[in-house]
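Please read the structure below before turning to the comments.
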Amino acid sequence: MNSEKLLAEAKEVVRDLNVRELIAEAIRNREGTFSDRGALCVTTGTHTGRSPKDKFIVDSPLTHDIVNWDNNQPCSKETFDRIYAKCEAYIRTHRVYVNNVLAGADPDNQIRVKFINQMAWQSVFVSQLFIKTDEPSTVQENFTVISLPDVMADPAVDGTNSETFILLNFDKNLILIGGGRYAGELKKSIFSVMNYLLPQKGVLSMHCSCNEGAKGDVALFFGLSGTGKTTLSADPARSLIGDDEHGWGDNGVFNVEGGCYAKCIDLTEESQPEIYGAVKFGAVMENVIIDPKTGVPDFADSTLTENTRVAYPLDYIPNAKIPSRTGHPKNIILLTADAFGVLPPISKLTKEQAMYHYLTGYTSKVAGTERGITEPQATFSTAFGAPFLPLQPLVYAKLLGERIARHDTNVYLVNTGWSGGPYGVGKRMKLSYTRAMIHAALDGELGAEGWSTMPIFGLSVPKSCPNVPGSVLNPRNTWKDKEAYDATARKLAGLFNENFKKFAGKVTDDIVSAGPEI
């Protein structure tokens, strides 16, 4: 399955156009339109988010004993070959676009990726999201991603769950994507590859954003979608390393990508000035509703999806650091959006608590986000990125624990969710408060008046924080009904403990005991 041989037989191949040329192709192909500030606006059809049930890894002697099959779906070699034949037939009769990019800003931990895309706008996306290179590379690992939205799987024949497919073949360094146009599958497929390769080299791969202070102090922000990972790392007072995917090796932290992929629902210049300013020519907006006459985007309009997105290169953020590499982190922020309104807005963790909450990866869904959800629901995702982890969870956790200990890294748990009650009763924590608490933590100014221990969860909560009312720091104090808070805290603690049972016998007792006690 040689990609160059395949392209030699293609009907028409458009290779490595620059962004301006690719955008012109996309407009000419009627794949999208312009916004008032020149960003390319596209829609992704049925899929407006990732499709995890349609993602598979080829089960082979290479992968069988190291892939975590409890978290990943196996695919046979025969299924992969059959779908590859469909992709091959399509390419022979259609025009495709080719981009050559790099993933991994650290030359020692880098792969070269060839994207073969059906759609010009997706080529704009990958050329902006990954690291551009015109130089010959000494990189040994090469991967090819073939993305053809018009190619469909046949579930009855191919054994897939739908017409959509995301197939990762580590024997052939080849990824096949079809049946959907959501570009997030392109970036996350390569993140899955890095999550497979890097830990086997002793490098921790991380679903986190990263920034650097004026004194060179590095901070990591782990969090699931909607917790504020991108928003909080885009800080005008700190240099941005990256917003989503990083590696942490012996030389420090490096970005996997060369761009950002930010949620833009309710985006305003006041709330997120750096991201708002990045919405310009060269950026790609997915599923954002724009006025057909003026081209002005309505970022509050969720008609197509709440998961509206904008993709742009890292240098669209004024204070981005390029090359996107830095030192070892002084601070780690674990982000959660607790819709139960139980967890404190910020707390400091011991190493054991850090390991516990990293393995737990908690956030919550709110009522109304999905059919049938009428009250907050806890969501647990190991390492705050379980869908992208091919290997066993403890592989990543062990690497994190070793690095926290070696570099004496501080770890904080930050709740960007609800205060004063659960969703529907309380209110979401003000972004200005969250920013102030994080700044205080990173600057060493948090808890000047001491700390208290939160019952049940055992978290260390600051008694004071500059520019934040002391009344919001202890979550129980923000509830009018204290008994209701206590009952909700016990309920959430029970959900934590039930989820952590899957790690029984696999982690040390000190990590187990770092969880909540009812």
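In the structure tokens, each chain is lettered A, B, ... as it comes, each chain's residues begin at 1, and ligands are numbered from 1 in order of appearance.
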Mind dumping a table of every stretch 210-327 of chain A residue within 12 Å of stretch 117-126 of chain A, with the nearest atom pair and its distance in Å to one decimal, using only C-alpha atoms, sorted by chain and rising number, as CSV?
residue,atom,partner,partner_atom,distance
A:Glu257,CA,A:Val126,CA,9.7
A:Gly258,CA,A:Val126,CA,9.4
A:Gly259,CA,A:Val126,CA,8.9
A:Cys260,CA,A:Phe125,CA,10.2
A:Tyr261,CA,A:Phe125,CA,9.5
A:Phe281,CA,A:Val124,CA,11.2
A:Gly282,CA,A:Val124,CA,7.8
A:Ala283,CA,A:Phe125,CA,8.0
A:Val284,CA,A:Phe125,CA,6.6
A:Met285,CA,A:Phe125,CA,9.6
A:Glu286,CA,A:Phe125,CA,10.3
A:Arg309,CA,A:Phe125,CA,11.5
A:Val310,CA,A:Phe125,CA,9.7
A:Ala311,CA,A:Phe125,CA,6.8
A:Tyr312,CA,A:Phe125,CA,7.9
A:Pro313,CA,A:Phe125,CA,9.2
Show which residues sit within 8 Å of A:Asn474, as a list in words. Count only C-alpha atoms, and ignore same-chain residues fewer than 5 positions away.
Pro344, Pro345 and Val461 of chain A
May I ask which of the residues A:Lys132, A:Arg403, A:Lys463, A:Lys229 is the closest one to A:Leu314, counting only C-alpha atoms?
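Comparing A:Lys132, A:Arg403, A:Lys463, A:Lys229 against A:Leu314, the winner is A:Lys132.
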Using only C-alpha atoms for the distances, tell me which of A:Ala484, A:Leu17, A:Ile317, A:Ile177 is nearest to A:Gly277.
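Under the stated criterion, the closest residue is A:Ile317.
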So that I can see what lies close to A:Lys506, please list as a list in words the residues with an atom at most 12 Å from it, counting only C-alpha atoms and leaving out residues fewer than 6 positions away in the same chain.
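The residues satisfying every condition are Leu359, Gln392, Pro393, Leu394, Val395, Ala397, Lys398, Phe500 and Val512 of chain A.
Interatomic distance, atom CA of A:Phe221 to atom CA of A:Cys208: 5.1 Å.
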So, counting only C-alpha atoms, which residue among A:Ala487, A:Leu204, A:Ala320, A:Leu334 is closest to A:Pro236?
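Counting only C-alpha atoms, the residue closest to A:Pro236 is A:Ala320.
For A:Ile66, the set of protein, DNA and RNA residues having any atom at most 12 Å away, when counting only C-alpha atoms and skipping those fewer than 5 positions along the same chain, is Ile57, Asp59, Ser60, Pro61, Asn71, Asn72, Phe170, Tyr196, Leu197, Pro199, Gln200, Leu389, Pro390, Leu391, Gln392, Pro393, Leu394 and Val395 of chain A.
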List as an NGL selection string the protein and nucleic acid residues near A:Arg238, meaning an atom at most 8 Å away when only C-alpha atoms are counted, but skip any in the same chain fewer than 2 places from it.
:A and (211-214 or 234-236 or 240 or 319)
May I have the residues from that selection written out with N, CA and C atoms, as a compact mmCIF listing (two decimals), in the first residue's frame?
# COMPACT_ATOMS: atom_id res chain seq x y z
N ASN A 211 1.21 26.80 28.18
CA ASN A 211 1.75 28.15 27.98
C ASN A 211 2.94 28.39 28.90
N GLU A 212 3.61 29.52 28.69
CA GLU A 212 4.86 29.81 29.38
C GLU A 212 4.83 31.25 29.88
N GLY A 213 5.22 31.45 31.14
CA GLY A 213 5.26 32.78 31.71
C GLY A 213 6.51 33.54 31.33
N ALA A 214 6.56 34.81 31.70
CA ALA A 214 7.68 35.68 31.34
C ALA A 214 9.00 35.20 31.95
N ALA A 234 -4.91 30.56 26.28
CA ALA A 234 -4.71 31.73 25.42
C ALA A 234 -4.73 32.97 26.29
N ASP A 235 -3.61 33.25 26.92
CA ASP A 235 -3.49 34.28 27.94
C ASP A 235 -2.51 35.35 27.44
N PRO A 236 -2.94 36.62 27.32
CA PRO A 236 -2.04 37.66 26.80
C PRO A 236 -0.79 37.88 27.66
N LEU A 240 1.89 31.28 24.33
CA LEU A 240 1.18 30.03 24.03
C LEU A 240 2.12 29.04 23.35
N ASN A 319 1.01 36.14 20.92
CA ASN A 319 2.12 35.79 21.81
C ASN A 319 2.48 34.32 21.75
